[in-house]
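Okay, structure first, notes after.
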Amino acid sequence: MRIRTTLTALLLTGCVRPVAVVTSEPAAGTAHADVRDLSGRLLGRLTLTPVAAGTGVRGTLEGLPPGPHALHIHTVGQCVPPFTTAGPHFNPENVRHGLATPHGGHAGDLPNVVAGPDGRAVVDVSARARLAGAAAVLDADGAAVVVHAAADDGLTDPAGNAGARLACGVITR
Ligand code: ZN
C-alpha cells in the first residue's frame, strides 16, 4: 500500500516520465563466452554469431601456451575446473569426432586456434552447431567453449587427442 501511495503521489506531481533505457544487449541472436583458465583468470571473450554454416566463433584469447590448441563446443554449460563439467563435445547426431572425417565430425567441432609466442590467439572459426532451434547448443543444460592443451588431430575419437582442458567459457546470451 505504501509503495502504491508513493507511486500515485509521483504520478500526480509529474515526476514519473518515460525514460529511454540504454542497455548493452548484444545484437539479436548472438551469444558470448567469457573464457577462463584453470585459475579463473579471464583469457578473453568469444562472440558466437549465427552464420550460414552454423555458428561463427570470434574473439581474442590471451595467456595461452604458444602453439596450436583444440577448440570445441561442449555439451554442458558448466565450467568448474578441471572443466570435465562441460561434458563431451556437442554431438546431437551421435557421430564420430573430427573435422577430417568424411561426415565432418561433431557439430561442436571447431578448427584449431594458434597462440603466438606472446600467448595471443585470434579466433575466427565456425562450427556446424546452431545456437538456437532444433538440436541447438543452447538447450536446457546450456553449452560451453573449451580450449585444450594440444591440437586436435581432426580424427581421433572422441576428442581429437587434444589433451587436457585448459580453459572454458559458458555460452551465454
Ligand atoms: Zn568432437
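Residues in the C-alpha cells are numbered from 1 in each chain, the chains being A, B, ... in the order shown, and ligands are numbered from 1 in the order shown.
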Please build the interface table for chain A against ligand 1 with a cut-off of 6 Å, listing for each qualifying residue the nearest atom pair and the distance in Å to one decimal; count only C-alpha atoms and all ligand atoms, order rows by chain and increasing number, and write it as a tab-separated table.
residue	atom	partner	partner_atom_place_in_ligand_line	distance
A:His89	CA	ligand 1	1 (Zn)	5.0
A:His97	CA	ligand 1	1 (Zn)	4.1
A:Gly98	CA	ligand 1	1 (Zn)	5.5
A:His106	CA	ligand 1	1 (Zn)	4.7
A:Asp109	CA	ligand 1	1 (Zn)	4.7
A:Pro158	CA	ligand 1	1 (Zn)	5.9
A:Ala159	CA	ligand 1	1 (Zn)	4.9
Exercise for review: Mind checking which residues fall within 8 Å of Val125 (chain A), counting only C-alpha atoms, ignoring those fewer than 3 positions away in the same chain, and posting them as a ChimeraX atom specification?
Suggested key: /A:56-58,110-111
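Proximity to Gly108 (chain A) was assessed for A:His148, A:Arg165, A:His32, A:Arg130 counting only C-alpha atoms; the smallest distance is recorded for A:Arg130.
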Shell of 9 Å around Thr60 (chain A), only C-alpha atoms, local chain residues under 6 positions omitted, as a PDB file with N, CA and C atoms, in the first residue's frame:
ATOM      1  N   LEU A  43      40.737 -15.098 -20.042  1.00  0.00           N
ATOM      2  CA  LEU A  43      41.635 -15.072 -21.195  1.00  0.00           C
ATOM      3  C   LEU A  43      41.063 -14.243 -22.337  1.00  0.00           C
ATOM      4  N   GLY A  44      39.748 -14.065 -22.326  1.00  0.00           N
ATOM      5  CA  GLY A  44      39.119 -13.265 -23.365  1.00  0.00           C
ATOM      6  C   GLY A  44      37.674 -13.658 -23.549  1.00  0.00           C
ATOM      7  N   ARG A  45      36.971 -12.828 -24.306  1.00  0.00           N
ATOM      8  CA  ARG A  45      35.558 -13.108 -24.606  1.00  0.00           C
ATOM      9  C   ARG A  45      35.418 -13.510 -26.071  1.00  0.00           C
ATOM     10  N   LEU A  46      34.751 -14.631 -26.296  1.00  0.00           N
ATOM     11  CA  LEU A  46      34.435 -15.064 -27.649  1.00  0.00           C
ATOM     12  C   LEU A  46      32.970 -14.723 -27.930  1.00  0.00           C
ATOM     13  N   ARG A 120      48.926 -15.057 -27.501  1.00  0.00           N
ATOM     14  CA  ARG A 120      47.682 -14.457 -28.006  1.00  0.00           C
ATOM     15  C   ARG A 120      47.181 -15.238 -29.220  1.00  0.00           C
ATOM     16  N   ALA A 121      45.906 -15.568 -29.196  1.00  0.00           N
ATOM     17  CA  ALA A 121      45.293 -16.296 -30.309  1.00  0.00           C
ATOM     18  C   ALA A 121      44.087 -15.524 -30.816  1.00  0.00           C
ATOM     19  N   VAL A 122      44.104 -15.196 -32.102  1.00  0.00           N
ATOM     20  CA  VAL A 122      42.935 -14.579 -32.724  1.00  0.00           C
ATOM     21  C   VAL A 122      42.043 -15.716 -33.212  1.00  0.00           C
ATOM     22  N   VAL A 123      40.821 -15.723 -32.722  1.00  0.00           N
ATOM     23  CA  VAL A 123      39.878 -16.799 -33.027  1.00  0.00           C
ATOM     24  C   VAL A 123      38.877 -16.302 -34.058  1.00  0.00           C
ATOM     25  N   ASP A 124      38.777 -17.018 -35.166  1.00  0.00           N
ATOM     26  CA  ASP A 124      37.786 -16.681 -36.195  1.00  0.00           C
ATOM     27  C   ASP A 124      37.446 -17.974 -36.922  1.00  0.00           C
TER      28      ASP A 124
END
Show which residues sit within 10 Å of Pro82 (chain A), as a short mmCIF file (atom, residue, chain, number, x, y, z; two decimals) with N, CA, C and O atoms, in the first residue's frame. Count only C-alpha atoms, and ignore same-chain residues fewer than 6 positions away.
data_model
loop_
_atom_site.label_atom_id
_atom_site.label_comp_id
_atom_site.auth_asym_id
_atom_site.auth_seq_id
_atom_site.Cartn_x
_atom_site.Cartn_y
_atom_site.Cartn_z
N ASP A 37 40.81 -19.57 -17.51
CA ASP A 37 41.70 -20.71 -17.35
C ASP A 37 41.42 -21.43 -16.02
O ASP A 37 40.48 -21.09 -15.30
N LEU A 38 42.25 -22.40 -15.69
CA LEU A 38 42.01 -23.23 -14.51
C LEU A 38 42.06 -22.43 -13.21
O LEU A 38 41.45 -22.83 -12.21
N SER A 39 42.76 -21.29 -13.23
CA SER A 39 42.85 -20.46 -12.03
C SER A 39 41.76 -19.39 -11.99
O SER A 39 41.71 -18.59 -11.05
N ALA A 164 44.48 -32.18 -22.15
CA ALA A 164 43.71 -31.61 -21.03
C ALA A 164 42.91 -30.38 -21.45
O ALA A 164 43.20 -29.75 -22.46
N ARG A 165 41.93 -30.06 -20.63
CA ARG A 165 41.12 -28.87 -20.84
C ARG A 165 41.80 -27.69 -20.11
O ARG A 165 41.91 -27.70 -18.90
N LEU A 166 42.25 -26.71 -20.87
CA LEU A 166 43.00 -25.58 -20.31
C LEU A 166 42.12 -24.42 -19.88
O LEU A 166 42.43 -23.70 -18.94
N ALA A 167 41.06 -24.22 -20.64
CA ALA A 167 40.21 -23.05 -20.40
C ALA A 167 38.80 -23.34 -20.85
O ALA A 167 38.57 -24.21 -21.69
N CYS A 168 37.85 -22.59 -20.29
CA CYS A 168 36.44 -22.90 -20.54
C CYS A 168 35.61 -21.64 -20.38
O CYS A 168 35.91 -20.77 -19.57
#
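Residue nearest Phe90 (chain A) within the list A:Val35, A:Val170, A:Ala144, A:Leu48: A:Ala144 [criterion: smallest interatomic distance, only C-alpha atoms].
We find CA of Ile171 (chain A) and CA of Thr101 (chain A) to be spaced 26.1 Å apart.
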**Study point:** Polymer residues at most 12 Å from region 138-141 of chain A, only C-alpha atoms, same-chain spacing of 5 or more positions, as a PyMOL selection string
**Key:** chain A and resi 29-32+48+55+73-78+85-87+90+92+108+129-133+170-173
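Reported to one decimal place, the separation of CA of Gly105 (chain A) from CA of Gly54 (chain A) is 13.6 Å.
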